[in-house]
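S.K.: See target.txt below, with compact mmCIF, C-alpha atoms and all ligand atoms.
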# COMPACT_ATOMS: atom_id res chain seq x y z
CA MET A 1 15.27 21.48 12.03
CA GLY A 2 14.10 19.00 14.65
CA LEU A 3 16.47 17.20 17.01
CA PHE A 4 16.43 13.99 14.97
CA ASP A 5 17.19 15.91 11.77
CA LYS A 6 20.07 17.74 13.47
CA LEU A 7 21.47 14.48 14.79
CA THR A 8 21.30 12.73 11.41
CA SER A 9 22.94 15.70 9.73
CA TRP A 10 25.73 15.84 12.37
CA LEU A 11 26.32 12.15 11.93
CA GLY A 12 26.29 12.55 8.18
CA ILE A 13 23.46 10.03 7.80
CA LYS A 14 21.67 10.63 4.56
CA LYS A 15 17.92 10.24 4.51
CA LYS A 16 16.44 7.75 2.10
CA GLU A 17 15.17 9.56 -1.00
CA VAL A 18 11.72 8.70 -2.31
CA ASN A 19 9.68 9.83 -5.28
CA VAL A 20 5.98 10.23 -4.68
CA LEU A 21 3.33 11.06 -7.23
CA CYS A 22 0.45 13.23 -5.99
CA ILE A 23 -2.68 12.89 -8.12
CA GLY A 24 -6.43 13.51 -7.87
CA LEU A 25 -8.96 15.72 -9.62
CA ASP A 26 -8.43 19.46 -10.00
CA ASN A 27 -9.42 21.55 -6.98
CA SER A 28 -9.12 18.58 -4.58
CA GLY A 29 -6.38 20.37 -2.61
CA LYS A 30 -3.16 18.60 -3.69
CA SER A 31 -0.95 21.69 -3.93
CA THR A 32 -2.38 23.15 -0.70
CA MET A 33 -1.57 19.90 1.07
CA ILE A 34 1.98 19.61 -0.24
CA ASN A 35 2.61 23.25 0.63
CA GLN A 36 1.45 22.49 4.18
CA LEU A 37 3.94 19.60 4.43
CA LYS A 38 6.90 21.84 3.58
CA PRO A 39 8.86 23.68 6.29
CA SER A 40 7.11 26.97 7.06
CA SER A 41 10.01 28.98 5.62
CA ALA A 42 9.50 27.29 2.23
CA GLN A 43 5.72 27.58 2.12
CA SER A 44 3.99 29.76 -0.49
CA GLN A 45 1.28 32.15 0.55
CA ASP A 46 -0.64 31.80 -2.67
CA ILE A 47 -1.66 28.49 -4.20
CA VAL A 48 -2.91 28.65 -7.76
CA PRO A 49 -4.22 25.82 -9.97
CA THR A 50 -1.25 23.77 -11.14
CA ILE A 51 -0.34 23.94 -14.81
CA GLY A 52 1.07 20.58 -15.92
CA PHE A 53 2.93 19.65 -12.73
CA SER A 54 5.37 20.98 -10.20
CA VAL A 55 8.14 19.30 -8.25
CA GLU A 56 8.21 19.89 -4.49
CA ARG A 57 10.26 18.57 -1.60
CA PHE A 58 9.64 17.90 2.06
CA SER A 59 11.14 15.53 4.59
CA THR A 60 10.08 13.47 7.56
CA THR A 61 12.33 12.06 10.31
CA SER A 62 13.82 9.39 8.07
CA LEU A 63 12.80 10.15 4.50
CA SER A 64 13.38 12.87 2.00
CA PHE A 65 10.38 13.15 -0.31
CA THR A 66 10.37 14.47 -3.86
CA VAL A 67 6.73 14.98 -4.78
CA PHE A 68 5.44 15.36 -8.31
CA ASP A 69 2.37 17.52 -7.77
CA MET A 70 0.33 16.86 -10.89
CA SER A 71 -2.44 19.05 -12.25
CA GLY A 72 -5.82 17.36 -11.93
CA GLN A 73 -7.43 19.25 -14.80
CA GLY A 74 -8.83 16.94 -17.49
CA ARG A 75 -6.47 18.18 -20.17
CA TYR A 76 -3.39 17.38 -18.06
CA ARG A 77 -4.43 14.00 -16.61
CA SER A 78 -2.79 12.16 -19.50
CA LEU A 79 0.55 13.30 -18.03
CA TRP A 80 0.11 11.22 -14.85
CA GLU A 81 0.97 7.87 -16.41
CA HIS A 82 4.42 9.05 -17.51
CA TYR A 83 5.42 9.32 -13.85
CA TYR A 84 4.13 5.93 -12.63
CA ARG A 85 7.33 4.12 -13.47
CA ASP A 86 9.59 6.25 -11.25
CA ALA A 87 7.17 6.67 -8.36
CA GLN A 88 7.60 4.59 -5.23
CA ALA A 89 4.26 5.65 -3.77
CA ILE A 90 1.07 7.50 -4.68
CA ILE A 91 -0.84 10.17 -2.79
CA PHE A 92 -4.38 10.32 -4.16
CA VAL A 93 -6.39 13.34 -3.00
CA ILE A 94 -10.20 13.40 -3.12
CA ASP A 95 -12.40 16.42 -2.44
CA SER A 96 -14.88 14.86 -0.02
CA ALA A 97 -17.36 17.67 -0.61
CA ASP A 98 -17.37 17.22 -4.40
CA LYS A 99 -19.92 14.38 -4.43
CA MET A 100 -20.75 14.74 -8.12
CA ARG A 101 -17.19 14.00 -9.21
CA ILE A 102 -16.35 11.07 -6.93
CA VAL A 103 -17.35 8.82 -9.82
CA VAL A 104 -14.74 10.59 -12.01
CA ALA A 105 -12.10 10.15 -9.29
CA LYS A 106 -13.03 6.45 -9.21
CA GLU A 107 -12.48 6.12 -12.98
CA GLU A 108 -9.05 7.75 -12.63
CA LEU A 109 -8.20 5.39 -9.78
CA ASN A 110 -9.16 2.38 -11.90
CA ALA A 111 -6.98 3.64 -14.73
CA LEU A 112 -4.12 3.95 -12.23
CA ILE A 113 -4.30 0.51 -10.66
CA THR A 114 -4.76 -1.32 -13.96
CA HIS A 115 -1.90 0.53 -15.68
CA PRO A 116 0.96 -1.79 -16.75
CA ASP A 117 3.55 0.33 -14.87
CA VAL A 118 1.54 0.09 -11.65
CA LYS A 119 -0.28 -3.25 -11.74
CA SER A 120 2.50 -5.57 -10.68
CA LYS A 121 4.60 -3.11 -8.70
CA ARG A 122 4.66 -2.71 -4.94
CA MET A 123 3.40 0.84 -4.59
CA PRO A 124 1.50 1.98 -1.49
CA ILE A 125 -1.42 4.35 -2.12
CA LEU A 126 -2.35 6.95 0.46
CA PHE A 127 -5.82 8.43 0.01
CA PHE A 128 -6.77 11.73 1.58
CA THR A 129 -10.46 12.63 1.77
CA ASN A 130 -9.72 16.30 1.91
CA LYS A 131 -11.83 19.35 2.84
CA MET A 132 -13.23 17.57 5.88
CA ASP A 133 -13.94 21.03 7.33
CA LEU A 134 -16.72 21.69 4.80
CA PRO A 135 -20.13 21.04 6.34
CA ASP A 136 -21.40 18.87 3.47
CA SER A 137 -18.25 16.74 3.15
CA LEU A 138 -18.59 12.95 3.13
CA SER A 139 -16.85 10.80 5.73
CA SER A 140 -13.79 8.82 4.67
CA VAL A 141 -15.79 5.60 5.20
CA LYS A 142 -18.43 6.79 2.75
CA VAL A 143 -15.83 7.96 0.21
CA SER A 144 -14.03 4.65 0.55
CA GLN A 145 -17.28 2.79 -0.22
CA MET A 146 -18.10 5.04 -3.20
CA MET A 147 -14.58 4.60 -4.59
CA GLY A 148 -14.70 0.82 -4.07
CA LEU A 149 -11.42 0.81 -2.17
CA GLU A 150 -12.13 -2.55 -0.53
CA ASN A 151 -11.70 -4.10 -4.00
CA ILE A 152 -8.05 -3.02 -4.20
CA LYS A 153 -6.28 -6.25 -3.33
CA SER A 154 -3.00 -5.73 -5.15
CA LYS A 155 -1.79 -2.65 -3.26
CA SER A 156 -1.47 -1.61 0.33
CA TRP A 157 -3.55 1.49 0.87
CA HIS A 158 -4.71 3.75 3.65
CA ILE A 159 -7.35 6.47 3.82
CA CYS A 160 -7.35 9.57 6.04
CA ALA A 161 -9.66 12.53 6.34
CA SER A 162 -7.77 15.82 6.04
CA ASN A 163 -7.98 19.55 6.07
CA ALA A 164 -5.13 20.80 3.92
CA LEU A 165 -5.71 24.39 5.04
CA THR A 166 -4.85 23.61 8.67
CA GLY A 167 -2.81 20.43 8.16
CA GLU A 168 -5.21 18.29 10.19
CA GLY A 169 -4.94 14.62 9.25
CA LEU A 170 -1.76 15.01 7.19
CA LYS A 171 0.61 13.62 9.80
CA GLU A 172 -1.38 10.40 10.23
CA GLY A 173 -1.24 9.81 6.48
CA VAL A 174 2.41 10.68 6.02
CA ASP A 175 3.41 8.52 9.02
CA TRP A 176 1.66 5.56 7.38
CA LEU A 177 3.43 6.28 4.08
CA GLN A 178 6.78 6.55 5.80
CA ASP A 179 6.29 3.14 7.49
CA GLN A 180 5.30 1.56 4.18
CA ILE A 181 8.29 2.96 2.34
CA ARG A 182 10.74 2.05 5.07
CA SER A 183 9.59 -1.56 4.83
CA MET A 184 10.23 -1.64 1.07
CA LYS A 185 13.54 -2.79 -0.37
CA MET A 186 14.84 0.01 -2.58
N1 LIG A 201 -12.21 24.30 2.82
C1 LIG A 201 -11.10 23.73 2.33
N2 LIG A 201 -10.56 24.21 1.19
C2 LIG A 201 -9.44 23.61 0.74
C3 LIG A 201 -8.82 22.52 1.40
N3 LIG A 201 -7.73 22.13 0.69
C4 LIG A 201 -7.66 22.98 -0.37
N4 LIG A 201 -8.68 23.86 -0.35
C5 LIG A 201 -8.96 24.91 -1.34
O1 LIG A 201 -9.30 24.26 -2.57
C6 LIG A 201 -8.84 25.02 -3.69
C7 LIG A 201 -7.99 24.15 -4.61
O2 LIG A 201 -6.77 23.80 -3.96
P1 LIG A 201 -5.46 23.35 -4.76
O3 LIG A 201 -4.48 22.94 -3.74
O4 LIG A 201 -5.06 24.37 -5.75
O5 LIG A 201 -6.05 22.08 -5.54
P2 LIG A 201 -5.25 21.11 -6.54
O6 LIG A 201 -5.75 19.74 -6.26
O7 LIG A 201 -3.79 21.33 -6.43
O8 LIG A 201 -5.82 21.58 -7.95
P3 LIG A 201 -5.09 21.45 -9.42
O9 LIG A 201 -3.70 21.98 -9.29
O10 LIG A 201 -5.95 22.28 -10.34
O11 LIG A 201 -5.13 20.00 -9.78
C8 LIG A 201 -8.10 26.22 -3.10
O12 LIG A 201 -8.98 27.31 -3.07
C9 LIG A 201 -7.76 25.78 -1.68
O13 LIG A 201 -7.65 26.83 -0.77
C10 LIG A 201 -9.42 22.03 2.61
O14 LIG A 201 -9.00 21.06 3.25
N5 LIG A 201 -10.57 22.68 3.02
MG MG A 202 -2.36 21.93 -7.78
If you convert what's in this file into structure tokens, what do you get?
Ligand SMILES: Nc1nc2c(ncn2[C@@H]2O[C@H](COP(=O)(O)OP(=O)(O)OP(=O)(O)O)[C@@H](O)[C@H]2O)c(=O)[nH]1
Ligand SMILES: [Mg+2]

M.R.:
Amino acid sequence: MGLFDKLTSWLGIKKKEVNVLCIGLDNSGKSTMINQLKPSSAQSQDIVPTIGFSVERFSTTSLSFTVFDMSGQGRYRSLWEHYYRDAQAIIFVIDSADKMRIVVAKEELNALITHPDVKSKRMPILFFTNKMDLPDSLSSVKVSQMMGLENIKSKSWHICASNALTGEGLKEGVDWLQDQIRSMKM
């Protein structure tokens, strides 16, 4: 527990609870990333492909996150939309070395932002271009262009390059998400 966490717990200040939906194609690194965000005592050693979804928790200085870590496999993607209504934010993970499937990730993103439960709702979207350590990975600028992110006018969004194995890039993204959520009335 950090000093701030200790202080808030001594003072009995409860952190704001938020629900976040973590989506993206299978093998993009969602579960590895969420595992990395958890306190080291709660981390698993072995990450296996997610079946359906799993519910995970981690906290930052002022927020307590409940993350729905969805499976990205084709047969489970139809589950995502059932969680849009209760989510206050989205984490969308892209494998920046999987060039062939960026077009598939783009289709899934379009389905997300045009969905009736998402379209008119204030819902920040944090994109991670993950696996930045792989030599043939694309830069986040290139991924952003290929995904057409500049066309997203209805949502605030942010993109960060990450390495979920080491945790590099995760703090920048989560700090942005925390600022967005703190500015929302909930
Ligand atoms: N090199 C590298 N490998 C990564 C990184 N992040 C995840 N991986 C690996 O990618 C594979 C898939 O990771 P998962 O976290 O299971 O991916 P997922 O998005 O949760 O996949 P589903 O649950 O099937 O949707 C694993 O072998 C991870 O070790 C990264 O940043 N760099
Ligand atoms: Mg997973």

S.K.: Between atom CA of A:Ile102 and atom CA of A:Leu134, what distance in Å does the model show, to one decimal?

M.R.: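 About the pair atom CA of A:Ile102 and atom CA of A:Leu134: they are 15.8 Å apart.
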
S.K.: Could you give me, as CSV, a per-residue list for chain A showing, wherever an atom lies at most 10 Å from an atom of ligand LIG 201 (chain A), the closest pair of atoms and their distance in Å to one decimal, using all atoms listed in the file and sorting by chain then residue number from low to high?

M.R.:
residue,atom,partner,partner_atom,distance
A:Cys22,CA,A:LIG201,O6,9.0
A:Ile23,CA,A:LIG201,O11,7.7
A:Gly24,CA,A:LIG201,O6,6.5
A:Leu25,CA,A:LIG201,O11,5.7
A:Asp26,CA,A:LIG201,O11,3.4
A:Asn27,CA,A:LIG201,O5,3.7
A:Ser28,CA,A:LIG201,O6,3.9
A:Gly29,CA,A:LIG201,O3,3.4
A:Lys30,CA,A:LIG201,O6,3.8
A:Ser31,CA,A:LIG201,O3,3.7
A:Thr32,CA,A:LIG201,O3,3.7
A:Met33,CA,A:LIG201,O3,6.4
A:Ile34,CA,A:LIG201,O3,8.1
A:Asn35,CA,A:LIG201,O3,8.3
A:Gln36,CA,A:LIG201,N3,9.8
A:Asp46,CA,A:LIG201,O13,8.8
A:Ile47,CA,A:LIG201,O4,5.6
A:Val48,CA,A:LIG201,O4,5.2
A:Pro49,CA,A:LIG201,O9,3.9
A:Thr50,CA,A:LIG201,O9,3.6
A:Ile51,CA,A:LIG201,O9,6.8
A:Gly52,CA,A:LIG201,O9,8.3
A:Phe53,CA,A:LIG201,O9,7.8
A:Ser54,CA,A:LIG201,O9,9.2
A:Asp69,CA,A:LIG201,O7,7.4
A:Met70,CA,A:LIG201,O11,6.4
A:Ser71,CA,A:LIG201,O11,3.8
A:Gly72,CA,A:LIG201,O11,3.5
A:Gln73,CA,A:LIG201,O11,5.6
A:Gly74,CA,A:LIG201,O11,9.1
A:Tyr76,CA,A:LIG201,O11,8.9
A:Arg77,CA,A:LIG201,O11,9.1
A:Phe92,CA,A:LIG201,O6,9.7
A:Val93,CA,A:LIG201,O6,7.2
A:Ile94,CA,A:LIG201,O6,8.4
A:Asp95,CA,A:LIG201,N3,8.0
A:Ser96,CA,A:LIG201,O14,9.1
A:Ala97,CA,A:LIG201,N1,9.1
A:Phe128,CA,A:LIG201,O14,9.7
A:Thr129,CA,A:LIG201,O14,8.7
A:Asn130,CA,A:LIG201,O14,5.0
A:Lys131,CA,A:LIG201,O14,3.3
A:Met132,CA,A:LIG201,O14,6.1
A:Asp133,CA,A:LIG201,N5,5.7
A:Leu134,CA,A:LIG201,N1,5.6
A:Pro135,CA,A:LIG201,N1,9.3
A:Ser137,CA,A:LIG201,N1,9.7
A:Ala161,CA,A:LIG201,O14,9.1
A:Ser162,CA,A:LIG201,O14,6.1
A:Asn163,CA,A:LIG201,O14,3.4
A:Ala164,CA,A:LIG201,O14,3.9
A:Leu165,CA,A:LIG201,O14,5.0
A:Thr166,CA,A:LIG201,O14,7.3
A:Gly167,CA,A:LIG201,O14,7.9
A:Glu168,CA,A:LIG201,O14,8.4
A:Gly169,CA,A:LIG201,O14,9.7

S.K.: Between A:Glu56, A:Lys121, A:Ser62, A:Leu109, which has the minimum distance to A:Asp86 (counting all atoms listed in the file)?

M.R.: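 Among the listed residues, A:Lys121 lies closest to A:Asp86.
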
S.K.: Would you mind reading off the distance between atom CA of A:Ala111 and atom CA of A:Ile181, one decimal, in Å?

M.R.: 22.9 Å

S.K.: Between atom CA of A:Val55 and atom CA of A:Val18, measure the distance and give it in Å to one decimal.

M.R.: 12.7 Å

S.K.: Identify, on the basis of all atoms listed in the file, every residue whose closest approach to stretch 148-158 of chain A does not exceed 8 Å; exclude the query and any residue fewer than 3 positions from it along the same chain; express the result as a VMD selection string.

M.R.: chain A and resid 106 119 to 120 122 to 127 144 to 145 173 176
